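Only one structure is covered here, and it is reproduced in the block below.
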There are 2 protein chains.
Amino acid sequence: MASSRRGQAEAVEFDLSNMIGHLLRTCQQLHVAIWTDIFPGGLTSPQFAVLHALAHEGALTQTALRSQVRLDRSTTADVVRRLVARRLITQVKDPEDGRRRVVRLTAAGRALYTESTVRATRVNETMLAGLSDEERARLLSLLASLLEHHKGLLDYQD
Amino acid sequence: MASSRRGQAEAVEFDLSNMIGHLLRTCQQLHVAIWTDIFPGGLTSPQFAVLHALAHEGALTQTALRSQVRLDRSTTADVVRRLVARRLITQVKDPEDGRRRVVRLTAAGRALYTESTVRATRVNETMLAGLSDEERARLLSLLASLLEHHKGLLDYQD
DNA sequence: GCACAATCGTCCGTATGCGGATTAATCTGA
DNA sequence: TCAGATTAATCCGCATACGGACGATTGTGC
């Protein structure tokens, strides 16, 4: 029907389901739905990512942290504030540079991270359950190459 | 370093860059960045999606609209409220069912949609610029099959 | 030294997104 | 008919996200 009107010099009639932005947004909604099923009332995915970065990198300034986790400046401040309020991380002034604030895991934060990795892996597995190993690798690789091609557009380094 | 600790019965040491959720979130950030470059101070991507659905489907109730556009109930109410405030759509009670509110484009809304399709296509093209035609098709298809496999988790039909 | 620039983190306003509660209207079953 | 269930949309609180503005601190050039 709609496709029979094509073939002119006019712009191609597009469908939302073929727009990469629409697909990305919808797939992320799916991911959030799976995540909250498996982490009921607990950590969010960005919060887990912060704990993950701190568990692997040790203490980080907020700038280093958001570069690892790919969070916005403002969002990083928000997430850090909430994790501090839950006593999962601490935030102290950097003695070497008074502008920076060093963030690190508390014992409770490390414990929660450790016990959460199994769930995070389960979310990933559930999300990709419909794809073969080869398809999974291709999908991850294609998404990564989108980011690589536009490296520089997402600053995270200011 | 970290990879030398693997190979046990323990869970596989994962990296954020291989977690589908993290990649999806980051790719969407990229999409938003490209979108706002091309739509400075104008429509957001979900707002455009609403105009698109109304332009192609005519008048829709809010439930039908969010099923088309894949928006949450609450978010739909927000987006509709903002578009009404900008006189791009109207919202009137359905005479056949007083619970429903029928949304439709205004002339200004249709005009803005028509002129915006070129930009939306440009966003799509920019986003996928680093991929071949075959890779683009594969990426869209893989994302669509994620959604297909979990069809039912995203309700949009209540 | 010192004025100026750059950086770090925060804060504000706004938009998307989710879950739960609420209100209004309709439908269903006895 | 009428009480209870269901549905449509809204509202609230909270989390993520972006841009811009703002202090505080540090670095730079002269």
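Going through the structure tokens in order, the chains are called A, B, and so on, while each chain numbers its residues from 1 and the ligands are numbered from 1 in the order shown.
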Mind listing as a list in words which residues of chain C are within 10 Å of chain A, counting only C-alpha atoms (C1' of nucleotides)?
DT7, DC8, DG9, DT10, DC11, DG17 and DC18 of chain C
For a quick test of understanding: name the residues of chain B lying within 7 Å of chain A when counting only C-alpha atoms, and present them as a ChimeraX atom specification.
/B:18-21,23-28,30-31,70,124,128,130,139-140,142-143,146-147,149,154
Could you list, with a cut-off of 10 Å and counting only C-alpha atoms (C1' of nucleotides), the residues of chain D near chain B, each shown with its nearest atom pair and the distance in Å rounded to one decimal, rows sorted by chain and ascending number, as JSON lines?
```
{"residue": "D:DT7", "atom": "C1'", "partner": "B:Arg99", "partner_atom": "CA", "distance": 7.9}
{"residue": "D:DA8", "atom": "C1'", "partner": "B:Arg99", "partner_atom": "CA", "distance": 4.9}
{"residue": "D:DA9", "atom": "C1'", "partner": "B:Arg99", "partner_atom": "CA", "distance": 7.2}
{"residue": "D:DT10", "atom": "C1'", "partner": "B:Ala77", "partner_atom": "CA", "distance": 7.4}
{"residue": "D:DC11", "atom": "C1'", "partner": "B:Ser74", "partner_atom": "CA", "distance": 8.8}
{"residue": "D:DA17", "atom": "C1'", "partner": "B:Gln29", "partner_atom": "CA", "distance": 8.4}
{"residue": "D:DC18", "atom": "C1'", "partner": "B:Ala33", "partner_atom": "CA", "distance": 9.0}
```
Take atom CA of Val103 of chain B and atom CA of Phe48 of chain B and report the distance between them in Å, one decimal.
14.5 Å
Identify, on the basis of only C-alpha atoms (C1' of nucleotides), every residue whose closest approach to DA6 of chain C does not exceed 10 Å; exclude the query and any residue fewer than 3 positions from it along the same chain; express the result as a list of chain:residue names.
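So, after excluding close chain neighbours, the residues are D:DT26, D:DG27, D:DT28.
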Restricting the calculation to only C-alpha atoms (C1' of nucleotides): of D:DG29, D:DA15, D:DC22, D:DT6, which residue gets closest to Val79 of chain A?
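That would be D:DA15, the residue with the smallest distance to Val79 of chain A.
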Length of the atom CA of Glu115 of chain B to atom CA of Gly42 of chain B vector [Å]
11.9 Å
Can you pull out the residues contacting Arg110 of chain A? Cut-off 9 Å, using only C-alpha atoms (C1' of nucleotides), and skip same-chain residues under 6 positions away; I want them as a PyMOL selection string.
chain A and resi 51-52+54-55+88-89
Export of prior selection with C-alpha atoms as a PDB file, in the first residue's frame:
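Contents of part37.pdb, as written:
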```
ATOM      1  CA  LEU A  51      30.126  -0.039  41.036  1.00  0.00           C
ATOM      2  CA  HIS A  52      31.723  -2.173  38.331  1.00  0.00           C
ATOM      3  CA  LEU A  54      35.125   1.263  40.923  1.00  0.00           C
ATOM      4  CA  ALA A  55      35.545  -2.434  41.688  1.00  0.00           C
ATOM      5  CA  LEU A  88      27.702   2.048  48.732  1.00  0.00           C
ATOM      6  CA  ILE A  89      30.465   4.508  47.820  1.00  0.00           C
TER       7      ILE A  89
END
```
Distance in Å - atom CA of Leu60 of chain A versus atom CA of Val102 of chain A:
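Atom CA of Val102 of chain A lies 5.4 Å from atom CA of Leu60 of chain A.
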Which is closest to DA21 of chain C among D:DG4, D:DG13, D:DC30, D:DG19, if we use only C-alpha atoms (C1' of nucleotides)?
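For DA21 of chain C, the nearest of the candidates is D:DG13.
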Strand (DSSP E or B) call set, DSSP backbone run, chain B, as a list in words:
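After running DSSP on the backbone, chain B has strand (DSSP E or B) at Leu60, Thr61, Ile89, Thr90, Gln91, Val92, Lys93, Asp94, Asp97, Gly98, Arg99, Arg100, Arg101, Val102, Val103, Arg104, Leu105, Lys151 and Leu154 of chain B.
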For DA30 of chain C, work out the shell of residues within 12 Å, counting only C-alpha atoms (C1' of nucleotides) and skipping chain neighbours fewer than 4 positions away, then give it as JSON, numbers by chain.
{"D": [1, 2, 3, 4]}
Please report, as a ChimeraX atom specification, each residue of chain A to which DSSP assigns helix (DSSP H, G or I) when run on this structure's backbone.
/A:2-5,16-18,20-38,45-57,62-69,73-85,107-127,133-149
